[in-house]
>>> print(open('input.txt').read())   # compact mmCIF, C-alpha atoms
# COMPACT_ATOMS: atom_id res chain seq x y z
CA MET A 1 55.65 -43.61 -36.94
CA SER A 2 57.54 -45.78 -39.35
CA GLY A 3 59.76 -43.79 -41.63
CA ILE A 4 60.15 -40.89 -39.18
CA ALA A 5 63.72 -40.46 -38.01
CA ILE A 6 64.23 -40.26 -34.27
CA ASP A 7 66.09 -36.97 -34.62
CA SER A 8 63.10 -35.43 -36.39
CA VAL A 9 60.79 -36.64 -33.60
CA PHE A 10 63.05 -35.59 -30.74
CA GLY A 11 65.05 -32.79 -32.42
CA SER A 12 63.22 -29.51 -32.33
CA PHE A 13 59.85 -27.81 -32.31
CA ARG A 14 59.55 -24.33 -33.81
CA ASP A 15 63.36 -24.03 -33.76
CA LEU A 16 63.61 -24.85 -30.04
CA PRO A 17 65.24 -28.09 -28.90
CA ILE A 18 62.59 -30.56 -27.69
CA HIS A 19 64.94 -31.34 -24.79
CA ALA A 20 64.73 -27.78 -23.45
CA LEU A 21 60.94 -27.95 -23.58
CA VAL A 22 60.26 -31.40 -22.14
CA VAL A 23 62.93 -31.42 -19.45
CA HIS A 24 61.00 -28.84 -17.44
CA ALA A 25 57.94 -31.09 -17.34
CA ALA A 26 60.11 -34.01 -16.21
CA VAL A 27 61.74 -31.91 -13.50
CA ILE A 28 58.29 -31.12 -12.13
CA LEU A 29 56.50 -34.47 -12.56
CA ILE A 30 59.25 -36.83 -11.37
CA PRO A 31 59.53 -35.17 -7.93
CA ILE A 32 55.72 -35.10 -7.66
CA ALA A 33 55.73 -38.84 -8.31
CA ALA A 34 58.43 -39.28 -5.69
CA LEU A 35 56.48 -37.22 -3.16
CA LEU A 36 53.47 -39.49 -3.74
CA GLY A 37 55.81 -42.37 -2.94
CA VAL A 38 56.83 -40.70 0.32
CA ALA A 39 53.15 -40.13 1.11
CA LEU A 40 52.70 -43.91 1.29
CA LEU A 41 54.39 -43.71 4.68
CA ARG A 42 51.07 -42.52 6.04
CA PRO A 43 49.03 -45.70 6.56
CA ALA A 44 45.67 -44.05 5.85
CA TRP A 45 46.87 -42.93 2.39
CA ARG A 46 48.45 -46.18 1.16
CA MET A 47 45.42 -47.76 -0.43
CA VAL A 48 44.13 -44.50 -1.90
CA LEU A 49 47.45 -43.38 -3.41
CA ARG A 50 48.88 -46.67 -4.64
CA TRP A 51 47.41 -46.54 -8.17
CA PRO A 52 47.73 -42.77 -8.66
CA LEU A 53 51.39 -43.27 -7.71
CA VAL A 54 51.82 -45.93 -10.40
CA VAL A 55 50.15 -43.68 -13.01
CA VAL A 56 52.24 -40.62 -12.15
CA VAL A 57 55.48 -42.63 -12.05
CA GLY A 58 54.49 -44.17 -15.40
CA LEU A 59 53.99 -40.70 -16.89
CA SER A 60 57.33 -39.71 -15.38
CA VAL A 61 58.98 -42.64 -17.15
CA VAL A 62 57.47 -41.48 -20.46
CA LEU A 63 58.67 -37.91 -19.89
CA ALA A 64 62.11 -39.13 -18.85
CA PHE A 65 62.29 -41.24 -22.03
CA VAL A 66 61.45 -38.21 -24.18
CA ALA A 67 63.88 -36.01 -22.23
CA ARG A 68 66.62 -38.62 -22.59
CA SER A 69 65.98 -39.23 -26.29
CA SER A 70 65.77 -35.54 -27.10
CA GLY A 71 68.91 -34.91 -25.02
CA LYS A 72 70.82 -37.46 -27.09
CA VAL A 73 69.68 -35.79 -30.30
CA LEU A 74 70.63 -32.36 -28.95
CA LYS A 75 74.05 -33.66 -27.88
CA GLU A 76 74.64 -35.11 -31.35
CA ASN A 77 73.55 -31.84 -32.97
CA LEU A 78 75.98 -29.86 -30.79
CA GLU A 79 78.83 -32.38 -30.91
CA GLU A 80 80.90 -30.47 -33.46
CA GLN A 81 80.75 -27.33 -31.27
CA THR A 82 81.30 -29.04 -27.90
CA LYS A 83 83.69 -31.92 -28.60
CA GLY A 84 86.73 -31.75 -26.34
CA ASN A 85 85.83 -28.50 -24.59
CA VAL A 86 84.46 -27.70 -21.15
CA VAL A 87 80.87 -27.61 -22.41
CA GLY A 88 81.23 -31.06 -23.95
CA LYS A 89 82.60 -32.44 -20.68
CA ALA A 90 79.72 -30.85 -18.76
CA ILE A 91 77.22 -32.40 -21.18
CA GLU A 92 78.88 -35.81 -20.75
CA HIS A 93 78.58 -35.51 -16.95
CA HIS A 94 74.93 -34.50 -17.27
CA GLN A 95 74.22 -37.47 -19.54
CA GLU A 96 75.95 -39.92 -17.17
CA LEU A 97 73.79 -38.71 -14.27
CA ALA A 98 70.66 -38.76 -16.45
CA ASP A 99 71.39 -42.36 -17.49
CA ARG A 100 71.66 -43.35 -13.83
CA LEU A 101 68.40 -41.56 -13.04
CA TRP A 102 66.73 -43.37 -15.94
CA MET A 103 67.70 -46.78 -14.55
CA TRP A 104 66.59 -45.87 -11.01
CA LEU A 105 63.32 -44.47 -12.35
CA LEU A 106 62.57 -47.73 -14.16
CA VAL A 107 63.30 -49.70 -10.97
CA PHE A 108 61.14 -47.26 -8.98
CA PHE A 109 58.29 -47.79 -11.44
CA LEU A 110 58.57 -51.56 -11.07
CA VAL A 111 58.70 -51.30 -7.27
CA CYS A 112 55.62 -49.04 -7.27
CA ILE A 113 53.69 -51.55 -9.41
CA ILE A 114 54.68 -54.38 -7.08
CA ALA A 115 53.74 -52.28 -4.03
CA ALA A 116 50.34 -51.39 -5.53
CA LEU A 117 49.61 -55.06 -6.15
CA LEU A 118 51.00 -56.23 -2.82
CA LEU A 119 49.57 -53.69 -0.38
CA PRO A 120 45.94 -54.93 -0.47
CA ARG A 121 47.13 -58.48 0.21
CA LEU A 122 49.11 -57.59 3.32
CA ASN A 123 47.14 -58.06 6.53
CA ASN A 124 50.04 -57.10 8.75
CA PRO A 125 50.48 -53.32 9.28
CA MET A 126 54.21 -53.88 9.84
CA ALA A 127 54.58 -55.57 6.45
CA SER A 128 52.71 -52.80 4.62
CA GLY A 129 54.88 -50.30 6.51
CA VAL A 130 58.01 -52.01 5.21
CA VAL A 131 56.67 -51.86 1.65
CA ALA A 132 55.85 -48.16 2.09
CA PHE A 133 59.30 -47.53 3.55
CA VAL A 134 61.01 -49.16 0.54
CA VAL A 135 58.93 -47.05 -1.86
CA ALA A 136 59.63 -43.87 0.15
CA ALA A 137 63.36 -44.58 0.37
CA MET A 138 63.55 -45.05 -3.38
CA ALA A 139 61.52 -41.87 -3.84
CA VAL A 140 64.08 -39.89 -1.84
CA VAL A 141 66.86 -41.32 -4.02
CA ILE A 142 64.90 -40.26 -7.13
CA ILE A 143 64.48 -36.71 -5.82
CA VAL A 144 68.19 -36.40 -5.05
CA MET A 145 69.06 -37.71 -8.50
CA VAL A 146 66.67 -35.30 -10.24
CA VAL A 147 68.38 -32.42 -8.44
CA GLN A 148 71.82 -33.70 -9.46
CA VAL A 149 70.83 -34.21 -13.10
CA GLY A 150 69.12 -30.83 -13.27
CA GLU A 151 72.06 -29.04 -11.71
CA ALA A 152 74.51 -30.71 -14.09
CA GLY A 153 72.30 -29.85 -17.07
CA SER A 154 71.88 -26.22 -16.10
CA LYS A 155 75.61 -25.97 -15.45
CA ALA A 156 76.30 -27.35 -18.93
CA VAL A 157 74.09 -24.65 -20.44
CA TRP A 158 74.74 -21.65 -18.21
CA ASN A 159 78.10 -22.00 -16.49
CA PRO A 160 80.12 -25.04 -17.63
CA ASP A 161 83.45 -23.86 -16.26
CA GLY A 162 82.09 -22.11 -13.15
CA SER A 163 83.50 -18.75 -14.22
CA VAL A 164 80.20 -16.81 -14.33
CA ASP A 165 78.85 -15.25 -11.13
CA TYR A 166 75.09 -14.79 -11.37
CA SER A 167 74.74 -13.47 -7.82
CA GLY A 168 74.90 -9.82 -8.90
CA LYS A 169 77.85 -9.05 -6.63
>>> encode(input="input.txt", output="structure tokens")
Amino acid sequence: MSGIAIDSVFGSFRDLPIHALVVHAAVILIPIAALLGVALLRPAWRMVLRWPLVVVVGLSVVLAFVARSSGKVLKENLEEQTKGNVVGKAIEHHQELADRLWMWLLVFFLVCIIAALLLPRLNNPMASGVVAFVVAAMAVVIIVMVVQVGEAGSKAVWNPDGSVDYSGK
């Protein structure tokens, strides 16, 4: 990939912004990963789901990276049109939330790896329950953050100032 500019990699595909294409996959896969994390609360599923959880969270991290990188390129491409207006402010808010989600997702990935390695070594059901609870609690935080980031992003695109009523009334 040497010599390929990041904006050409994450810019567009067939005249559509990569961000608009990949963000939908991230919005689906990240909550699925989080739900797998919540499923660890069921003792019978812990050992079976621990590595699939790590894989799905890992794929979520990759998708989030591409969504984030393509979002930055899209923001730069639109900067002249959005600087200082309500759309630009909405995009800034969306990016701030997305940056927070990114950090939490990386921590969640690390916690899931640690949990997957630790669970087989724990002989105490209470200890494995605590590990599962930590993973599940982080998963809930991730789901809430995905909703917040998605809402802020859709607002930036569809209704940045809140003036449009899509209810049909």
>>> closest_residue(input="input.txt", among="A:Lys155, A:Arg121, A:Lys169, A:Arg14", to="Glu92 (chain A)", atoms="all atoms listed in the file")
A:Lys155
>>> closest_residue(input="input.txt", among="A:Val38, A:Pro17, A:Val48, A:Asp165", to="Glu76 (chain A)", atoms="all atoms listed in the file")
A:Pro17
>>> residues_around(input="input.txt", residues="Leu59 (chain A)", least_positions_apart="2", cutoff="10 Å", atoms="all atoms listed in the file", output="list in words")
Ala26, Leu29, Ile30, Ala33, Leu53, Val54, Val55, Val56, Val57, Val61, Val62, Leu63, Ala64, Phe65 and Phe109 of chain A
>>> residues_around(input="input.txt", residues="region 93-98 of chain A", least_positions_apart="3", cutoff="8 Å", atoms="only C-alpha atoms", output="ChimeraX atom specification")
/A:68,89-90,101-102,145,148-150,152-153,156
>>> write_last_selection(input="input.txt", atoms="C-alpha atoms", output="PDB file, in the coordinates of the input")
ATOM      1  CA  ARG A  68      66.620 -38.620 -22.590  1.00  0.00           C
ATOM      2  CA  LYS A  89      82.600 -32.440 -20.680  1.00  0.00           C
ATOM      3  CA  ALA A  90      79.720 -30.850 -18.760  1.00  0.00           C
ATOM      4  CA  LEU A 101      68.400 -41.560 -13.040  1.00  0.00           C
ATOM      5  CA  TRP A 102      66.730 -43.370 -15.940  1.00  0.00           C
ATOM      6  CA  MET A 145      69.060 -37.710  -8.500  1.00  0.00           C
ATOM      7  CA  GLN A 148      71.820 -33.700  -9.460  1.00  0.00           C
ATOM      8  CA  VAL A 149      70.830 -34.210 -13.100  1.00  0.00           C
ATOM      9  CA  GLY A 150      69.120 -30.830 -13.270  1.00  0.00           C
ATOM     10  CA  ALA A 152      74.510 -30.710 -14.090  1.00  0.00           C
ATOM     11  CA  GLY A 153      72.300 -29.850 -17.070  1.00  0.00           C
ATOM     12  CA  ALA A 156      76.300 -27.350 -18.930  1.00  0.00           C
TER      13      ALA A 156
END
>>> residues_around(input="input.txt", residues="Ile113 (chain A)", least_positions_apart="5", cutoff="12 Å", atoms="all atoms listed in the file", output="PDB file with C-alpha atoms, keeping the file's coordinate frame")
ATOM      1  CA  GLY A  37      55.810 -42.370  -2.940  1.00  0.00           C
ATOM      2  CA  LEU A  49      47.450 -43.380  -3.410  1.00  0.00           C
ATOM      3  CA  ARG A  50      48.880 -46.670  -4.640  1.00  0.00           C
ATOM      4  CA  TRP A  51      47.410 -46.540  -8.170  1.00  0.00           C
ATOM      5  CA  PRO A  52      47.730 -42.770  -8.660  1.00  0.00           C
ATOM      6  CA  LEU A  53      51.390 -43.270  -7.710  1.00  0.00           C
ATOM      7  CA  VAL A  54      51.820 -45.930 -10.400  1.00  0.00           C
ATOM      8  CA  VAL A  55      50.150 -43.680 -13.010  1.00  0.00           C
ATOM      9  CA  VAL A  56      52.240 -40.620 -12.150  1.00  0.00           C
ATOM     10  CA  VAL A  57      55.480 -42.630 -12.050  1.00  0.00           C
ATOM     11  CA  GLY A  58      54.490 -44.170 -15.400  1.00  0.00           C
ATOM     12  CA  LEU A 106      62.570 -47.730 -14.160  1.00  0.00           C
ATOM     13  CA  VAL A 107      63.300 -49.700 -10.970  1.00  0.00           C
ATOM     14  CA  PHE A 108      61.140 -47.260  -8.980  1.00  0.00           C
ATOM     15  CA  LEU A 118      51.000 -56.230  -2.820  1.00  0.00           C
ATOM     16  CA  LEU A 119      49.570 -53.690  -0.380  1.00  0.00           C
ATOM     17  CA  VAL A 131      56.670 -51.860   1.650  1.00  0.00           C
ATOM     18  CA  VAL A 135      58.930 -47.050  -1.860  1.00  0.00           C
TER      19      VAL A 135
END
>>> residues_near_point(input="input.txt", point="(66.2, -41.5, -6.4)", cutoff="9 Å", atoms="all atoms listed in the file", output="list in words")
Ala34, Leu101, Trp104, Leu105, Phe108, Ala137, Met138, Ala139, Val140, Val141, Ile142, Ile143, Val144, Met145 and Val146 of chain A
>>> closest_residue(input="input.txt", among="A:Ile91, A:Val66, A:Leu35, A:Ser60", to="Ile18 (chain A)", atoms="only C-alpha atoms")
A:Val66
>>> closest_residue(input="input.txt", among="A:Pro120, A:Pro31, A:Gly84, A:Gly11", to="Ser70 (chain A)", atoms="all atoms listed in the file")
A:Gly11
>>> atom_distance(input="input.txt", atom1="CA of Arg100 (chain A)", atom2="CA of Val87 (chain A)")
20.2 Å
>>> closest_residue(input="input.txt", among="A:Val147, A:Ser167, A:Trp158, A:Asp99", to="Ile28 (chain A)", atoms="only C-alpha atoms")
A:Val147
>>> closest_residue(input="input.txt", among="A:His24, A:His19, A:Trp45, A:Asn123", to="Asn77 (chain A)", atoms="all atoms listed in the file")
A:His19
>>> atom_distance(input="input.txt", atom1="CA of Pro125 (chain A)", atom2="CA of Ala39 (chain A)")
15.7 Å
>>> atom_distance(input="input.txt", atom1="CA of Val111 (chain A)", atom2="CA of Ala25 (chain A)")
22.6 Å
>>> decode(input="input.txt", residues="region 73-87 of chain A", atoms="all heavy atoms", output="mmCIF file, in the first residue's frame")
data_model
loop_
_atom_site.group_PDB
_atom_site.id
_atom_site.type_symbol
_atom_site.label_atom_id
_atom_site.label_comp_id
_atom_site.auth_asym_id
_atom_site.auth_seq_id
_atom_site.Cartn_x
_atom_site.Cartn_y
_atom_site.Cartn_z
ATOM 1 N N VAL A 73 -11.667 11.669 6.298
ATOM 2 C CA VAL A 73 -11.479 12.087 4.908
ATOM 3 C C VAL A 73 -12.725 12.816 4.411
ATOM 4 O O VAL A 73 -12.632 13.883 3.781
ATOM 5 C CB VAL A 73 -11.144 10.888 4.000
ATOM 6 C CG1 VAL A 73 -11.170 11.283 2.531
ATOM 7 C CG2 VAL A 73 -9.789 10.306 4.377
ATOM 8 N N LEU A 74 -13.898 12.282 4.709
ATOM 9 C CA LEU A 74 -15.149 12.925 4.295
ATOM 10 C C LEU A 74 -15.274 14.313 4.921
ATOM 11 O O LEU A 74 -15.633 15.280 4.249
ATOM 12 C CB LEU A 74 -16.347 12.056 4.678
ATOM 13 C CG LEU A 74 -17.731 12.582 4.288
ATOM 14 C CD1 LEU A 74 -17.848 12.796 2.791
ATOM 15 C CD2 LEU A 74 -18.806 11.620 4.784
ATOM 16 N N LYS A 75 -14.954 14.422 6.190
ATOM 17 C CA LYS A 75 -15.010 15.715 6.884
ATOM 18 C C LYS A 75 -14.074 16.717 6.214
ATOM 19 O O LYS A 75 -14.454 17.872 5.980
ATOM 20 C CB LYS A 75 -14.641 15.535 8.353
ATOM 21 C CG LYS A 75 -14.670 16.824 9.139
ATOM 22 C CD LYS A 75 -14.220 16.596 10.558
ATOM 23 C CE LYS A 75 -14.084 17.918 11.287
ATOM 24 N NZ LYS A 75 -13.440 17.765 12.573
ATOM 25 N N GLU A 76 -12.855 16.288 5.897
ATOM 26 C CA GLU A 76 -11.908 17.173 5.210
ATOM 27 C C GLU A 76 -12.438 17.584 3.841
ATOM 28 O O GLU A 76 -12.297 18.736 3.441
ATOM 29 C CB GLU A 76 -10.553 16.477 5.062
ATOM 30 C CG GLU A 76 -9.797 16.345 6.361
ATOM 31 C CD GLU A 76 -8.559 15.468 6.225
ATOM 32 O OE1 GLU A 76 -8.171 15.116 5.089
ATOM 33 O OE2 GLU A 76 -7.994 15.121 7.282
ATOM 34 N N ASN A 77 -13.039 16.644 3.116
ATOM 35 C CA ASN A 77 -13.571 16.949 1.789
ATOM 36 C C ASN A 77 -14.743 17.929 1.841
ATOM 37 O O ASN A 77 -14.983 18.671 0.891
ATOM 38 C CB ASN A 77 -14.002 15.669 1.074
ATOM 39 C CG ASN A 77 -12.815 14.805 0.693
ATOM 40 O OD1 ASN A 77 -11.676 15.250 0.666
ATOM 41 N ND2 ASN A 77 -13.074 13.542 0.419
ATOM 42 N N LEU A 78 -15.487 17.917 2.940
ATOM 43 C CA LEU A 78 -16.654 18.799 3.086
ATOM 44 C C LEU A 78 -16.353 20.069 3.869
ATOM 45 O O LEU A 78 -17.232 20.915 4.034
ATOM 46 C CB LEU A 78 -17.790 18.044 3.789
ATOM 47 C CG LEU A 78 -18.372 16.845 3.072
ATOM 48 C CD1 LEU A 78 -19.382 16.134 3.960
ATOM 49 C CD2 LEU A 78 -18.997 17.247 1.756
ATOM 50 N N GLU A 79 -15.120 20.202 4.353
ATOM 51 C CA GLU A 79 -14.787 21.291 5.275
ATOM 52 C C GLU A 79 -15.114 22.670 4.717
ATOM 53 O O GLU A 79 -15.653 23.519 5.425
ATOM 54 C CB GLU A 79 -13.316 21.226 5.667
ATOM 55 C CG GLU A 79 -12.997 22.141 6.817
ATOM 56 C CD GLU A 79 -11.640 21.827 7.413
ATOM 57 O OE1 GLU A 79 -10.859 21.057 6.819
ATOM 58 O OE2 GLU A 79 -11.368 22.367 8.484
ATOM 59 N N GLU A 80 -14.835 22.892 3.459
ATOM 60 C CA GLU A 80 -15.108 24.202 2.860
ATOM 61 C C GLU A 80 -16.602 24.536 2.899
ATOM 62 O O GLU A 80 -16.992 25.672 3.110
ATOM 63 C CB GLU A 80 -14.593 24.227 1.416
ATOM 64 C CG GLU A 80 -14.467 25.618 0.853
ATOM 65 C CD GLU A 80 -13.783 25.591 -0.492
ATOM 66 O OE1 GLU A 80 -12.606 25.166 -0.555
ATOM 67 O OE2 GLU A 80 -14.440 25.989 -1.481
ATOM 68 N N GLN A 81 -17.442 23.514 2.737
ATOM 69 C CA GLN A 81 -18.898 23.721 2.720
ATOM 70 C C GLN A 81 -19.505 23.799 4.118
ATOM 71 O O GLN A 81 -20.584 24.351 4.295
ATOM 72 C CB GLN A 81 -19.584 22.572 1.981
ATOM 73 C CG GLN A 81 -19.158 22.408 0.537
ATOM 74 C CD GLN A 81 -19.694 21.101 -0.007
ATOM 75 O OE1 GLN A 81 -20.894 20.861 0.046
ATOM 76 N NE2 GLN A 81 -18.821 20.262 -0.521
ATOM 77 N N THR A 82 -18.842 23.202 5.114
ATOM 78 C CA THR A 82 -19.461 23.063 6.437
ATOM 79 C C THR A 82 -18.799 23.902 7.530
ATOM 80 O O THR A 82 -19.339 23.983 8.637
ATOM 81 C CB THR A 82 -19.437 21.589 6.882
ATOM 82 O OG1 THR A 82 -18.087 21.152 6.985
ATOM 83 C CG2 THR A 82 -20.212 20.712 5.907
ATOM 84 N N LYS A 83 -17.670 24.512 7.230
ATOM 85 C CA LYS A 83 -16.933 25.248 8.254
ATOM 86 C C LYS A 83 -17.768 26.400 8.806
ATOM 87 O O LYS A 83 -18.256 27.245 8.069
ATOM 88 C CB LYS A 83 -15.621 25.783 7.691
ATOM 89 C CG LYS A 83 -14.693 26.305 8.749
ATOM 90 C CD LYS A 83 -13.335 26.629 8.190
ATOM 91 C CE LYS A 83 -12.423 26.996 9.343
ATOM 92 N NZ LYS A 83 -11.052 27.080 8.913
ATOM 93 N N GLY A 84 -17.957 26.383 10.130
ATOM 94 C CA GLY A 84 -18.638 27.473 10.814
ATOM 95 C C GLY A 84 -20.156 27.455 10.736
ATOM 96 O O GLY A 84 -20.801 28.338 11.286
ATOM 97 N N ASN A 85 -20.740 26.461 10.089
ATOM 98 C CA ASN A 85 -22.203 26.417 10.043
ATOM 99 C C ASN A 85 -22.735 25.268 10.897
ATOM 100 O O ASN A 85 -21.978 24.512 11.496
ATOM 101 C CB ASN A 85 -22.728 26.352 8.593
ATOM 102 C CG ASN A 85 -22.313 25.086 7.859
ATOM 103 O OD1 ASN A 85 -22.117 24.046 8.455
ATOM 104 N ND2 ASN A 85 -22.180 25.194 6.546
ATOM 105 N N VAL A 86 -24.042 25.142 10.949
ATOM 106 C CA VAL A 86 -24.677 24.157 11.820
ATOM 107 C C VAL A 86 -24.299 22.717 11.435
ATOM 108 O O VAL A 86 -24.143 21.858 12.296
ATOM 109 C CB VAL A 86 -26.206 24.367 11.864
ATOM 110 C CG1 VAL A 86 -26.868 24.014 10.546
ATOM 111 C CG2 VAL A 86 -26.833 23.594 12.994
ATOM 112 N N VAL A 87 -24.104 22.473 10.157
ATOM 113 C CA VAL A 87 -23.697 21.138 9.713
ATOM 114 C C VAL A 87 -22.288 20.824 10.215
ATOM 115 O O VAL A 87 -22.021 19.736 10.726
ATOM 116 C CB VAL A 87 -23.779 21.005 8.174
ATOM 117 C CG1 VAL A 87 -23.248 19.655 7.715
ATOM 118 C CG2 VAL A 87 -25.203 21.213 7.681
#
